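Asker: So that you have it, the file is final.txt, and it contains compact mmCIF, C-alpha atoms and all ligand atoms:
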```
# COMPACT_ATOMS: atom_id res chain seq x y z
CA MET A 1027 47.03 122.69 135.41
CA VAL A 1028 49.12 123.13 132.32
CA SER A 1029 49.33 120.12 130.05
CA THR A 1030 51.78 119.47 127.26
CA MET A 1031 51.05 117.73 123.99
CA ALA A 1032 52.90 114.64 122.89
CA ILE A 1033 55.95 115.47 120.83
CA ASN A 1034 56.66 113.91 117.41
CA LYS A 1035 52.94 113.39 116.73
CA ASP A 1036 52.93 115.54 113.62
CA ASP A 1037 56.56 116.22 112.90
CA SER A 1038 56.32 115.07 109.30
CA ARG A 1039 55.67 118.64 108.14
CA SER A 1040 57.60 119.40 104.99
CA PHE A 1041 59.51 122.43 106.28
CA LEU A 1042 60.79 120.68 109.40
CA THR A 1043 64.29 119.18 109.17
CA GLU A 1044 66.15 117.10 111.76
CA GLU A 1045 67.70 120.33 113.06
CA HIS A 1046 64.28 121.93 113.57
CA LEU A 1047 63.15 118.88 115.50
CA LEU A 1048 66.20 119.03 117.76
CA PHE A 1049 65.50 122.72 118.35
CA LYS A 1050 61.88 121.84 119.12
CA GLN A 1051 62.92 119.15 121.56
CA SER A 1052 65.25 121.47 123.42
CA ILE A 1053 62.72 124.33 123.62
CA ARG A 1054 60.09 121.92 124.87
CA GLU A 1055 62.41 120.59 127.55
CA PHE A 1056 63.39 124.11 128.53
CA LEU A 1057 59.75 125.26 128.77
CA ALA A 1058 58.73 122.13 130.69
CA LYS A 1059 61.29 123.05 133.33
CA GLU A 1060 61.27 126.85 133.29
CA ALA A 1061 57.74 127.87 132.22
CA VAL A 1062 55.15 125.11 132.69
CA PRO A 1063 55.56 124.80 136.50
CA PHE A 1064 55.29 128.58 136.97
CA TYR A 1065 52.66 129.51 134.40
CA ASP A 1066 49.69 129.52 136.78
CA GLN A 1067 51.69 131.58 139.26
CA TRP A 1068 52.63 134.08 136.51
CA GLU A 1069 48.95 134.34 135.60
CA LYS A 1070 48.10 135.22 139.18
CA GLU A 1071 51.04 137.57 139.65
CA GLY A 1072 50.37 139.37 136.40
CA GLY A 1073 52.89 138.36 133.79
CA ILE A 1074 56.16 136.79 132.78
CA PRO A 1075 59.08 137.87 135.02
CA CYS A 1076 62.10 139.54 133.37
CA SER A 1077 64.23 136.68 134.71
CA PHE A 1078 62.40 134.30 132.36
CA TRP A 1079 63.18 136.53 129.37
CA GLU A 1080 66.85 136.33 130.29
CA LYS A 1081 66.72 132.57 130.76
CA ILE A 1082 65.11 131.96 127.39
CA GLY A 1083 67.64 134.36 125.87
CA ASP A 1084 70.54 132.57 127.59
CA HIS A 1085 69.41 129.33 125.98
CA GLY A 1086 69.58 130.91 122.53
CA PHE A 1087 65.87 130.62 121.68
CA LEU A 1088 65.23 134.32 120.94
CA CYS A 1089 65.67 135.62 117.37
CA PRO A 1090 67.69 132.58 116.18
CA TRP A 1091 67.23 133.88 112.63
CA LEU A 1092 69.43 136.93 113.24
CA ASP A 1093 72.87 137.08 111.63
CA VAL A 1094 75.84 135.68 113.53
CA GLU A 1095 77.37 139.18 113.80
CA PHE A 1096 74.49 140.20 116.07
CA GLY A 1097 74.52 136.98 118.09
CA GLY A 1098 72.02 134.87 116.13
CA ILE A 1099 72.63 131.68 114.19
CA GLY A 1100 71.17 132.79 110.86
CA ALA A 1101 68.37 130.24 111.23
CA ASP A 1102 65.47 130.01 108.79
CA PHE A 1103 61.82 130.87 109.50
CA GLY A 1104 61.08 127.25 110.43
CA TYR A 1105 62.80 127.93 113.78
CA SER A 1106 60.49 130.89 114.40
CA VAL A 1107 57.51 128.64 113.72
CA VAL A 1108 58.81 126.07 116.20
CA LEU A 1109 59.41 128.76 118.84
CA ALA A 1110 55.94 130.31 118.38
CA GLU A 1111 54.20 126.92 118.53
CA GLU A 1112 56.07 125.68 121.58
CA LEU A 1113 55.39 128.92 123.47
CA GLU A 1114 51.71 128.73 122.52
CA ILE A 1115 51.38 125.15 123.77
CA VAL A 1116 52.36 126.38 127.23
CA GLY A 1117 49.93 129.30 127.06
CA SER A 1118 48.98 132.40 125.10
CA MET A 1119 50.58 134.71 127.67
CA LEU A 1120 53.96 133.71 126.20
CA GLY A 1121 52.92 135.15 122.82
CA GLY A 1122 54.65 138.42 123.74
CA ILE A 1123 57.97 136.60 123.44
CA SER A 1124 57.14 135.56 119.92
CA ILE A 1125 56.14 139.16 119.09
CA HIS A 1126 59.51 140.38 120.41
CA SER A 1127 61.46 137.73 118.51
CA ASP A 1128 59.59 137.57 115.21
CA VAL A 1129 57.59 140.77 114.86
CA VAL A 1130 59.59 143.64 116.41
CA ALA A 1131 63.16 142.46 115.79
CA PRO A 1132 62.62 141.97 112.01
CA TYR A 1133 61.85 145.70 111.63
CA ILE A 1134 65.28 146.63 112.95
CA ALA A 1135 67.00 143.86 111.03
CA SER A 1136 65.36 144.99 107.76
CA PHE A 1137 65.26 148.77 108.05
CA GLY A 1138 67.74 149.70 110.82
CA THR A 1139 71.15 151.30 110.38
CA ILE A 1140 74.20 149.26 111.37
CA ASP A 1141 74.44 151.36 114.55
CA GLN A 1142 70.79 150.65 115.44
CA LYS A 1143 71.28 146.94 114.79
CA GLN A 1144 74.38 146.80 116.97
CA ARG A 1145 72.69 148.79 119.72
CA TYR A 1146 69.54 146.70 119.99
CA LEU A 1147 69.70 143.29 118.36
CA PRO A 1148 72.34 141.57 120.55
CA LYS A 1149 70.29 142.50 123.63
CA PHE A 1150 67.10 141.25 121.97
CA ILE A 1151 68.78 137.87 121.62
CA THR A 1152 69.94 137.66 125.23
CA GLY A 1153 66.56 138.81 126.56
CA GLU A 1154 68.23 141.75 128.32
CA MET A 1155 66.00 144.01 126.27
CA ILE A 1156 62.24 143.50 125.88
CA SER A 1157 60.66 145.15 122.87
CA ALA A 1158 57.22 146.32 121.75
CA PHE A 1159 55.56 147.72 118.64
CA ALA A 1160 53.27 150.69 119.32
CA LEU A 1161 50.82 151.57 116.57
CA THR A 1162 47.30 151.63 118.04
CA GLU A 1163 46.10 154.81 119.75
CA PRO A 1164 43.16 155.56 122.02
CA GLY A 1165 41.36 157.17 119.05
CA MET A 1166 42.81 155.05 116.21
CA GLY A 1167 42.95 151.33 115.56
CA SER A 1168 42.22 150.20 112.03
CA GLU A 1169 42.60 153.49 110.14
CA LEU A 1170 46.34 154.08 110.23
CA ALA A 1171 46.11 157.34 108.31
CA ASP A 1172 44.44 158.79 111.43
CA ILE A 1173 47.53 158.43 113.64
CA GLN A 1174 47.54 161.42 116.00
CA THR A 1175 50.94 160.94 117.66
CA THR A 1176 53.27 163.56 116.20
CA ALA A 1177 57.06 163.72 115.97
CA ILE A 1178 58.28 167.16 114.99
CA LYS A 1179 61.96 167.72 114.24
CA LYS A 1180 63.74 170.34 116.35
CA ASP A 1181 67.45 170.79 117.12
CA GLY A 1182 68.55 167.27 116.25
CA HIS A 1183 65.60 165.61 118.00
CA TYR A 1184 62.04 164.57 117.25
CA ILE A 1185 59.66 166.01 119.83
CA VAL A 1186 57.02 163.32 120.24
CA ASN A 1187 53.52 163.97 121.58
CA GLY A 1188 50.62 161.56 121.80
CA ALA A 1189 49.51 158.26 123.29
CA LYS A 1190 49.52 154.60 122.30
CA THR A 1191 47.37 151.85 123.72
CA PHE A 1192 46.90 148.05 123.73
CA VAL A 1193 50.67 147.65 123.33
CA THR A 1194 51.85 144.07 123.92
CA ASN A 1195 54.98 143.96 126.14
CA GLY A 1196 54.39 147.70 126.68
CA PHE A 1197 54.54 147.58 130.47
CA LYS A 1198 57.94 145.89 130.64
CA ALA A 1199 59.40 147.06 127.34
CA ASP A 1200 62.88 148.59 127.43
CA PHE A 1201 62.41 149.80 123.93
CA MET A 1202 59.55 150.43 121.48
CA ILE A 1203 59.05 151.03 117.80
CA VAL A 1204 56.50 153.85 117.70
CA ALA A 1205 54.48 154.93 114.65
CA CYS A 1206 54.23 158.74 114.50
CA LYS A 1207 53.29 161.46 112.05
CA THR A 1208 56.47 163.31 111.10
CA ASP A 1209 54.82 165.29 108.29
CA LEU A 1210 51.44 166.73 109.23
CA ASN A 1211 50.83 168.10 105.73
CA ALA A 1212 51.60 164.97 103.73
CA VAL A 1213 49.14 164.07 100.98
CA PRO A 1214 47.95 161.36 101.26
CA SER A 1215 48.33 161.67 105.01
CA GLN A 1216 49.72 158.15 105.47
CA ASP A 1217 52.83 159.35 103.60
CA GLY A 1218 53.59 161.37 106.74
CA ILE A 1219 53.94 158.27 108.96
CA SER A 1220 57.40 157.30 110.23
CA LEU A 1221 58.71 154.77 112.73
CA LEU A 1222 60.85 155.89 115.67
CA LEU A 1223 62.92 153.76 118.04
CA ILE A 1224 62.15 154.99 121.55
CA ASP A 1225 63.98 153.87 124.69
CA LYS A 1226 62.18 153.59 128.02
CA ASP A 1227 64.33 156.28 129.68
CA THR A 1228 63.56 158.89 127.02
CA PRO A 1229 62.65 162.18 128.76
CA GLY A 1230 58.90 162.81 128.33
CA PHE A 1231 58.00 159.13 127.95
CA SER A 1232 55.80 157.44 130.55
CA ARG A 1233 53.67 154.34 130.86
CA GLY A 1234 50.08 154.18 131.98
CA ARG A 1235 48.48 151.24 133.69
CA LYS A 1236 48.82 147.66 132.63
CA LEU A 1237 45.48 147.03 130.93
CA GLY A 1238 43.03 144.44 132.22
CA LYS A 1239 41.42 142.38 129.46
CA ALA A 1240 38.55 139.93 128.95
CA GLY A 1241 41.11 137.28 128.03
CA LEU A 1242 44.91 137.04 128.02
CA GLY A 1243 44.39 138.32 131.56
CA SER A 1244 47.93 138.68 132.74
CA SER A 1245 49.69 139.25 129.44
CA ASP A 1246 51.51 142.56 129.32
CA THR A 1247 49.32 145.08 127.47
CA ALA A 1248 49.85 148.74 128.25
CA GLU A 1249 49.23 152.38 127.47
CA LEU A 1250 52.20 154.57 126.57
CA PHE A 1251 52.39 158.36 126.76
CA PHE A 1252 54.66 160.84 125.02
CA ASP A 1253 54.69 164.36 126.39
CA ASP A 1254 57.31 166.39 124.51
CA ALA A 1255 59.39 163.21 124.51
CA SER A 1256 62.76 164.04 123.03
CA VAL A 1257 64.05 161.38 120.63
CA PRO A 1258 67.38 161.79 118.78
CA VAL A 1259 66.92 162.02 114.98
CA GLY A 1260 69.31 159.07 114.75
CA ASN A 1261 66.47 156.93 116.16
CA LEU A 1262 64.41 157.23 112.99
CA LEU A 1263 63.92 153.73 111.56
CA GLY A 1264 64.61 153.75 107.83
CA GLU A 1265 63.37 156.82 105.99
CA GLU A 1266 60.89 159.50 106.98
CA GLY A 1267 57.41 158.94 105.55
CA LYS A 1268 58.01 155.25 104.85
CA GLY A 1269 56.35 153.96 108.05
CA LEU A 1270 53.24 152.57 106.40
CA SER A 1271 55.26 150.93 103.66
CA TYR A 1272 57.45 149.18 106.29
CA ILE A 1273 54.38 148.07 108.25
CA THR A 1274 52.83 146.64 105.08
CA GLN A 1275 56.06 144.81 104.21
CA LYS A 1276 56.11 143.14 107.63
CA LEU A 1277 52.39 142.33 107.71
CA GLN A 1278 52.81 139.01 105.90
CA GLN A 1279 54.99 137.49 108.61
CA GLU A 1280 52.93 139.03 111.44
CA ARG A 1281 49.66 137.61 110.12
CA LEU A 1282 51.26 134.26 109.45
CA MET A 1283 52.60 134.14 113.03
CA CYS A 1284 49.15 135.03 114.29
CA ALA A 1285 47.57 132.16 112.31
CA ILE A 1286 50.27 129.74 113.51
CA ARG A 1287 49.75 130.60 117.18
CA SER A 1288 45.99 130.56 116.91
CA LEU A 1289 46.04 127.16 115.24
CA MET A 1290 48.26 125.76 117.98
CA ALA A 1291 45.94 127.13 120.68
CA THR A 1292 43.03 125.41 118.94
CA LYS A 1293 44.92 122.15 118.67
CA ASP A 1294 45.64 122.32 122.37
CA MET A 1295 41.92 122.79 123.07
CA LEU A 1296 41.15 119.68 121.04
CA HIS A 1297 43.83 117.76 122.91
CA LEU A 1298 42.53 118.90 126.32
CA THR A 1299 38.95 118.07 125.32
CA MET A 1300 39.76 114.60 124.03
CA ASN A 1301 41.59 113.81 127.27
CA PHE A 1302 38.70 115.13 129.34
CA ILE A 1303 35.91 113.22 127.60
CA LYS A 1304 37.89 109.99 127.68
CA GLU A 1305 37.64 110.13 131.48
CA ARG A 1306 34.31 111.85 132.13
CA LYS A 1307 31.14 109.76 132.37
CA ALA A 1308 27.51 110.60 131.56
CA PHE A 1309 24.59 108.19 131.34
CA ASP A 1310 26.87 105.40 132.50
CA LYS A 1311 29.18 105.85 129.54
CA LYS A 1312 32.43 107.68 128.99
CA ILE A 1313 31.51 110.82 127.03
CA ASN A 1314 33.87 109.88 124.21
CA LYS A 1315 31.63 106.86 123.54
CA LEU A 1316 28.62 109.09 122.87
CA LYS A 1317 27.97 109.62 119.16
CA ASN A 1318 27.45 113.36 119.50
CA ALA A 1319 30.86 113.77 121.11
CA GLN A 1320 32.44 111.70 118.33
CA PHE A 1321 30.77 113.86 115.66
CA THR A 1322 31.99 117.02 117.35
CA ILE A 1323 35.56 115.77 117.73
CA ALA A 1324 35.57 114.66 114.09
CA GLU A 1325 34.40 118.12 112.96
CA ILE A 1326 37.03 119.88 115.07
CA ALA A 1327 39.83 117.58 113.91
CA THR A 1328 38.79 118.15 110.28
CA ASP A 1329 38.84 121.94 110.69
CA ILE A 1330 42.24 121.82 112.35
CA HIS A 1331 43.61 119.53 109.65
CA LEU A 1332 42.39 121.91 106.93
CA GLY A 1333 43.89 124.85 108.79
CA ARG A 1334 47.19 123.05 109.31
CA THR A 1335 47.42 122.06 105.63
CA PHE A 1336 46.71 125.65 104.56
CA VAL A 1337 49.14 127.22 107.03
CA ASP A 1338 51.97 124.75 106.39
CA GLY A 1339 51.72 125.52 102.68
CA LEU A 1340 51.96 129.24 103.48
CA ILE A 1341 54.94 128.68 105.77
CA CYS A 1342 56.78 127.00 102.87
CA LYS A 1343 55.87 129.84 100.49
CA HIS A 1344 56.94 132.45 103.06
CA MET A 1345 60.26 130.63 103.50
CA ASN A 1346 60.69 130.78 99.72
CA GLY A 1347 60.24 134.56 99.82
CA GLU A 1348 56.91 134.57 97.95
CA ASN A 1349 54.46 137.47 98.26
CA ILE A 1350 51.45 135.84 99.90
CA LEU A 1351 49.92 138.68 101.91
CA THR A 1352 46.44 137.93 100.54
CA GLU A 1353 46.66 134.25 101.46
CA VAL A 1354 48.11 134.85 104.94
CA SER A 1355 45.33 137.38 105.51
CA MET A 1356 42.82 134.67 104.58
CA ALA A 1357 44.56 132.27 106.95
CA LYS A 1358 44.68 134.78 109.80
CA TYR A 1359 41.00 135.65 109.56
CA TRP A 1360 39.75 132.10 108.90
CA ILE A 1361 41.86 130.42 111.56
CA THR A 1362 41.15 132.93 114.33
CA GLU A 1363 37.42 132.64 113.52
CA MET A 1364 37.64 128.84 113.39
CA SER A 1365 39.46 128.92 116.68
CA LYS A 1366 36.58 130.78 118.35
CA ARG A 1367 34.06 128.32 116.88
CA ILE A 1368 36.05 125.32 118.09
CA SER A 1369 36.64 126.88 121.47
CA ASP A 1370 32.85 127.04 121.99
CA LYS A 1371 32.44 123.39 121.00
CA CYS A 1372 35.22 122.28 123.35
CA ILE A 1373 33.71 124.21 126.24
CA GLN A 1374 30.35 122.59 125.51
CA LEU A 1375 31.96 119.15 125.82
CA HIS A 1376 33.49 120.13 129.17
CA ASP A 1377 30.39 121.93 130.40
CA GLY A 1378 30.86 122.99 134.05
CA TYR A 1379 34.52 122.01 134.09
CA GLY A 1380 35.16 124.20 131.07
CA ASN A 1381 34.21 127.27 133.01
CA MET A 1382 36.30 126.96 136.14
CA GLY A 1383 38.63 129.95 136.34
CA ASP A 1384 42.03 128.32 136.73
CA ASP A 1385 41.55 125.47 134.29
CA LYS A 1386 43.60 125.65 131.11
CA ILE A 1387 40.54 124.97 128.95
CA ALA A 1388 38.68 127.91 130.52
CA ARG A 1389 41.71 130.13 130.08
CA ARG A 1390 42.02 129.19 126.42
CA HIS A 1391 38.32 129.97 125.95
CA ARG A 1392 38.89 133.45 127.39
CA ASP A 1393 42.13 134.06 125.47
CA ILE A 1394 41.16 132.84 122.00
CA PRO A 1395 38.64 135.60 121.08
CA LEU A 1396 41.33 138.25 121.57
CA THR A 1397 43.53 136.75 118.87
CA THR A 1398 41.14 138.02 116.18
CA PHE A 1399 42.27 141.60 116.95
CA PHE A 1400 45.97 140.98 116.36
CA THR A 1401 47.43 142.52 113.19
CA GLY A 1402 44.09 144.09 112.24
CA THR A 1403 40.46 143.20 112.86
CA ASP A 1404 38.64 140.69 110.67
CA GLU A 1405 36.88 143.46 108.78
CA THR A 1406 40.08 145.25 107.78
CA VAL A 1407 41.67 141.91 106.87
CA LYS A 1408 38.67 141.02 104.68
CA LEU A 1409 38.77 144.43 102.98
CA LEU A 1410 42.38 143.77 102.00
CA ILE A 1411 41.51 140.29 100.69
CA ALA A 1412 38.60 141.66 98.64
CA LYS A 1413 40.78 144.44 97.19
CA ASN A 1414 43.66 142.09 96.36
CA ILE A 1415 41.41 139.63 94.52
CA GLY A 1416 40.15 142.55 92.44
CA PHE A 1417 36.76 143.06 94.06
C1 LIG B 1501 45.46 141.57 123.26
C2 LIG B 1501 45.75 142.65 122.29
C3 LIG B 1501 47.08 142.95 121.99
C4 LIG B 1501 47.38 144.00 121.11
N1 LIG B 1501 48.70 144.31 120.86
C5 LIG B 1501 48.99 145.42 120.12
C6 LIG B 1501 50.35 145.86 119.97
O1 LIG B 1501 51.31 145.22 120.44
N2 LIG B 1501 50.58 147.01 119.29
C7 LIG B 1501 49.57 147.75 118.74
O2 LIG B 1501 49.85 148.78 118.14
N3 LIG B 1501 48.26 147.35 118.85
C8 LIG B 1501 47.96 146.21 119.53
N4 LIG B 1501 46.65 145.81 119.68
C9 LIG B 1501 45.60 146.60 119.07
C10 LIG B 1501 44.95 145.95 117.86
O3 LIG B 1501 45.85 145.90 116.80
C11 LIG B 1501 43.69 146.78 117.58
O4 LIG B 1501 42.75 146.42 118.58
C12 LIG B 1501 43.13 146.56 116.24
O5 LIG B 1501 44.00 147.08 115.27
C13 LIG B 1501 41.77 147.24 116.07
O6 LIG B 1501 41.76 148.54 116.51
P1 LIG B 1501 40.61 149.04 117.50
O7 LIG B 1501 40.55 148.10 118.64
O8 LIG B 1501 40.86 150.48 117.78
O9 LIG B 1501 39.27 148.87 116.68
P2 LIG B 1501 38.64 149.86 115.59
O10 LIG B 1501 39.61 150.12 114.50
O11 LIG B 1501 38.06 151.04 116.28
O12 LIG B 1501 37.48 148.96 115.03
C14 LIG B 1501 36.26 148.73 115.75
C15 LIG B 1501 35.36 147.86 114.88
O13 LIG B 1501 35.07 148.54 113.64
C16 LIG B 1501 35.43 147.71 112.55
N5 LIG B 1501 35.94 148.48 111.43
C17 LIG B 1501 36.97 149.35 111.44
N6 LIG B 1501 37.17 149.83 110.21
C18 LIG B 1501 36.25 149.25 109.41
C19 LIG B 1501 35.95 149.34 108.02
N7 LIG B 1501 36.63 150.14 107.20
N8 LIG B 1501 34.93 148.60 107.55
C20 LIG B 1501 34.22 147.79 108.37
N9 LIG B 1501 34.47 147.67 109.68
C21 LIG B 1501 35.46 148.39 110.19
C22 LIG B 1501 36.53 146.83 113.10
O14 LIG B 1501 36.69 145.65 112.35
C23 LIG B 1501 36.01 146.53 114.48
O15 LIG B 1501 35.05 145.52 114.43
C24 LIG B 1501 46.33 144.74 120.51
C25 LIG B 1501 44.99 144.41 120.78
C26 LIG B 1501 44.70 143.38 121.65
C27 LIG B 1501 43.26 143.05 121.92
```
Hey, can you dump this file as structure tokens for me?

Answerer:
Amino acid sequence: MVSTMAINKDDSRSFLTEEHLLFKQSIREFLAKEAVPFYDQWEKEGGIPCSFWEKIGDHGFLCPWLDVEFGGIGADFGYSVVLAEELEIVGSMLGGISIHSDVVAPYIASFGTIDQKQRYLPKFITGEMISAFALTEPGMGSELADIQTTAIKKDGHYIVNGAKTFVTNGFKADFMIVACKTDLNAVPSQDGISLLLIDKDTPGFSRGRKLGKAGLGSSDTAELFFDDASVPVGNLLGEEGKGLSYITQKLQQERLMCAIRSLMATKDMLHLTMNFIKERKAFDKKINKLKNAQFTIAEIATDIHLGRTFVDGLICKHMNGENILTEVSMAKYWITEMSKRISDKCIQLHDGYGNMGDDKIARRHRDIPLTTFFTGTDETVKLLIAKNIGF
């Protein structure tokens, strides 16, 4: 069963205006009708149907921050936060929508040519086009300088060879941003990385299987293959050799989104657990009357409150255009770790019922550990923090 949290409980967050709350109300109503009743079925069938992407697009919830000329409403980042949180309350499988709307689209909006923006962004908004960002390779995850996928210029095209893996939305994507090496002799080698916009019907492009995972079972994660794939030079995003710089510029928002979603998943676990132990009895008492349960709930609520205070402060700074990559990296690593810790405690309070396959609490427990890998593993995130604080 999918549960929803009470609305308006914590709407006194400083970045939320009346307009954000109206947006939140309408997304929540939309999801209650169009996603919540079908979520379990989507889990079993293996993912979100394309028809849902179009419905959510039709309602104007995708990329609301985009300029009016591309079909958006020029909304601020607070709307992206609301969208990400509301999707996460329903379930982590919907995170791919948030990645499309607030991770992939910003690359084109920031670095694309006017032609690229006109070609892709209006269809991102309507949900006619599903997007993905393909960086990780079978032999390369954290060390971006080791990218093996090559894109060599020839006769007005880049000839792309290589493979990408673990790509969210990759199985259904109509379009991908793909990190490639365009200069094999660049020193340092990361200066040879560029980003290409690659359409699904590009000759030489193919998809592998949809990857099974320990958690996020039915979310769309795929392998992509490029075998002499021929990509017009006009599909270069920004400038050649600037790929790593663009990725670094966008990392702040990506890590912040990751922390926001992870925090919401944790909050949902607390909510589910509190509801469960209010009803469940042991030793003739409701479990919520047992001191140990009260201690545990108090600890979890304190952690979540600390996380929420930290993240809300970062959201405000991000909205003000401040450079807070170090702090969002701290938030991403601390909150995803905290989330795993809390997930274990919540499962302990459910015991047997926390481990039944279809239950939302069990699903959260399976999904949460995977969030630590998004936007870089904990170790790479910590290395950046240590470097940026001068250590
Ligand atoms: C559900 C899911 C969705 C994903 N979606 C996408 C996506 O849409 N697009 C995409 O491109 N990728 C995606 N990824 C991939 C993700 O970004 C990578 O898993 C991540 O970057 C780590 O790469 P890796 O798995 O190859 O691990 P590796 O880089 O091989 O790391 C393995 C271990 O070694 C550690 N390690 C690595 N370097 C160091 C170091 N210098 N010092 C200490 N320890 C180190 C790591 O922390 C980790 O513990 C996704 C992954 C998952 C699980």

Asker: For ligand LIG 1501 (chain B), which residue out of A:His1085, A:Lys1190, A:Arg1039, A:His1297 is the nearest one, using all atoms listed in the file?

Answerer: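 Closest to ligand LIG 1501 (chain B), using all atoms listed in the file: A:Lys1190.
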
Asker: Enclose range 1355-1361 of chain A, meaning all of its atoms listed in the file, in a box aligned along x, y and z, pad it by 6 Å on each side, and list the centre and edge lengths in Å to one decimal, as lines of an AutoDock Vina configuration file.

Answerer:
```
center_x = 42.5
center_y = 133.9
center_z = 108.1
size_x = 17.6
size_y = 19.0
size_z = 19.0
```

Asker: Kindly work out which residues sit at most 8 Å from ligand LIG 1501 (chain B), using only C-alpha atoms and all ligand atoms, and give the list as an MDAnalysis selection string.

Answerer: chainID A and resid 1125 1158:1169 1190:1196 1239 1241:1242 1245 1247 1396:1406 1409

Asker: Please dump the current selection as a short mmCIF file (atom, residue, chain, number, x, y, z; two decimals), keeping the file's coordinate frame; keep C-alpha atoms.

Answerer:
```cif
data_model
loop_
_atom_site.label_atom_id
_atom_site.label_comp_id
_atom_site.auth_asym_id
_atom_site.auth_seq_id
_atom_site.Cartn_x
_atom_site.Cartn_y
_atom_site.Cartn_z
CA ILE A 1125 56.14 139.16 119.09
CA ALA A 1158 57.22 146.32 121.75
CA PHE A 1159 55.56 147.72 118.64
CA ALA A 1160 53.27 150.69 119.32
CA LEU A 1161 50.82 151.57 116.57
CA THR A 1162 47.30 151.63 118.04
CA GLU A 1163 46.10 154.81 119.75
CA PRO A 1164 43.16 155.56 122.02
CA GLY A 1165 41.36 157.17 119.05
CA MET A 1166 42.81 155.05 116.21
CA GLY A 1167 42.95 151.33 115.56
CA SER A 1168 42.22 150.20 112.03
CA GLU A 1169 42.60 153.49 110.14
CA LYS A 1190 49.52 154.60 122.30
CA THR A 1191 47.37 151.85 123.72
CA PHE A 1192 46.90 148.05 123.73
CA VAL A 1193 50.67 147.65 123.33
CA THR A 1194 51.85 144.07 123.92
CA ASN A 1195 54.98 143.96 126.14
CA GLY A 1196 54.39 147.70 126.68
CA LYS A 1239 41.42 142.38 129.46
CA GLY A 1241 41.11 137.28 128.03
CA LEU A 1242 44.91 137.04 128.02
CA SER A 1245 49.69 139.25 129.44
CA THR A 1247 49.32 145.08 127.47
CA LEU A 1396 41.33 138.25 121.57
CA THR A 1397 43.53 136.75 118.87
CA THR A 1398 41.14 138.02 116.18
CA PHE A 1399 42.27 141.60 116.95
CA PHE A 1400 45.97 140.98 116.36
CA THR A 1401 47.43 142.52 113.19
CA GLY A 1402 44.09 144.09 112.24
CA THR A 1403 40.46 143.20 112.86
CA ASP A 1404 38.64 140.69 110.67
CA GLU A 1405 36.88 143.46 108.78
CA THR A 1406 40.08 145.25 107.78
CA LEU A 1409 38.77 144.43 102.98
#
```

Asker: Please provide as a PyMOL selection string all residues within 10 Å of Gln1142 in chain A, with the sequence filter that same-chain residues fewer than 2 positions apart are discarded (counting all atoms listed in the file).

Answerer: chain A and resi 1134-1135+1137-1140+1144-1147+1223+1260-1263

Asker: I'd like the interatomic distance between CA of Gly1230 in chain A and CA of His1183 in chain A, to a tenth of an Å.

Answerer: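 So the two atoms, CA of Gly1230 in chain A and CA of His1183 in chain A, lie 12.6 Å apart.
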
Asker: From the options A:Val1108, A:Met1364, A:Ile1350, A:Ala1058, which residue's atoms come nearest to Gln1279 in chain A, counting all atoms listed in the file?

Answerer: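 Closest residue, counting all atoms listed in the file: A:Ile1350.
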
Asker: Counting only C-alpha atoms, what is within 7 Å of Gly1269 in chain A, bar same-chain residues fewer than 6 positions away, as a ChimeraX atom specification?

Answerer: /A:1205,1219-1221

Asker: Some atoms are absent from range 1097-1106 of chain A, so rebuild N, CA and C atoms and return them as a PDB file, in the coordinates of the input.

Answerer:
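Once everything was written out, this is selection-v8.pdb:
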```
ATOM      1  N   GLY A1097      74.706 137.973 117.036  1.00  0.00           N
ATOM      2  CA  GLY A1097      74.520 136.980 118.090  1.00  0.00           C
ATOM      3  C   GLY A1097      73.556 135.865 117.739  1.00  0.00           C
ATOM      4  N   GLY A1098      72.946 135.930 116.541  1.00  0.00           N
ATOM      5  CA  GLY A1098      72.020 134.870 116.130  1.00  0.00           C
ATOM      6  C   GLY A1098      72.754 133.710 115.490  1.00  0.00           C
ATOM      7  N   ILE A1099      71.980 132.790 114.887  1.00  0.00           N
ATOM      8  CA  ILE A1099      72.630 131.680 114.190  1.00  0.00           C
ATOM      9  C   ILE A1099      72.211 131.641 112.715  1.00  0.00           C
ATOM     10  N   GLY A1100      71.575 132.725 112.262  1.00  0.00           N
ATOM     11  CA  GLY A1100      71.170 132.790 110.860  1.00  0.00           C
ATOM     12  C   GLY A1100      70.173 131.700 110.487  1.00  0.00           C
ATOM     13  N   ALA A1101      69.305 131.349 111.455  1.00  0.00           N
ATOM     14  CA  ALA A1101      68.370 130.240 111.230  1.00  0.00           C
ATOM     15  C   ALA A1101      67.230 130.654 110.299  1.00  0.00           C
ATOM     16  N   ASP A1102      66.579 129.679 109.683  1.00  0.00           N
ATOM     17  CA  ASP A1102      65.470 130.010 108.790  1.00  0.00           C
ATOM     18  C   ASP A1102      64.162 130.187 109.576  1.00  0.00           C
ATOM     19  N   PHE A1103      63.099 130.553 108.855  1.00  0.00           N
ATOM     20  CA  PHE A1103      61.820 130.870 109.500  1.00  0.00           C
ATOM     21  C   PHE A1103      61.192 129.653 110.198  1.00  0.00           C
ATOM     22  N   GLY A1104      61.597 128.461 109.788  1.00  0.00           N
ATOM     23  CA  GLY A1104      61.080 127.250 110.430  1.00  0.00           C
ATOM     24  C   GLY A1104      61.344 127.274 111.939  1.00  0.00           C
ATOM     25  N   TYR A1105      62.470 127.855 112.347  1.00  0.00           N
ATOM     26  CA  TYR A1105      62.800 127.930 113.780  1.00  0.00           C
ATOM     27  C   TYR A1105      61.840 128.884 114.500  1.00  0.00           C
ATOM     28  N   SER A1106      61.446 129.950 113.798  1.00  0.00           N
ATOM     29  CA  SER A1106      60.490 130.890 114.400  1.00  0.00           C
ATOM     30  C   SER A1106      59.138 130.215 114.589  1.00  0.00           C
TER      31      SER A1106
END
```
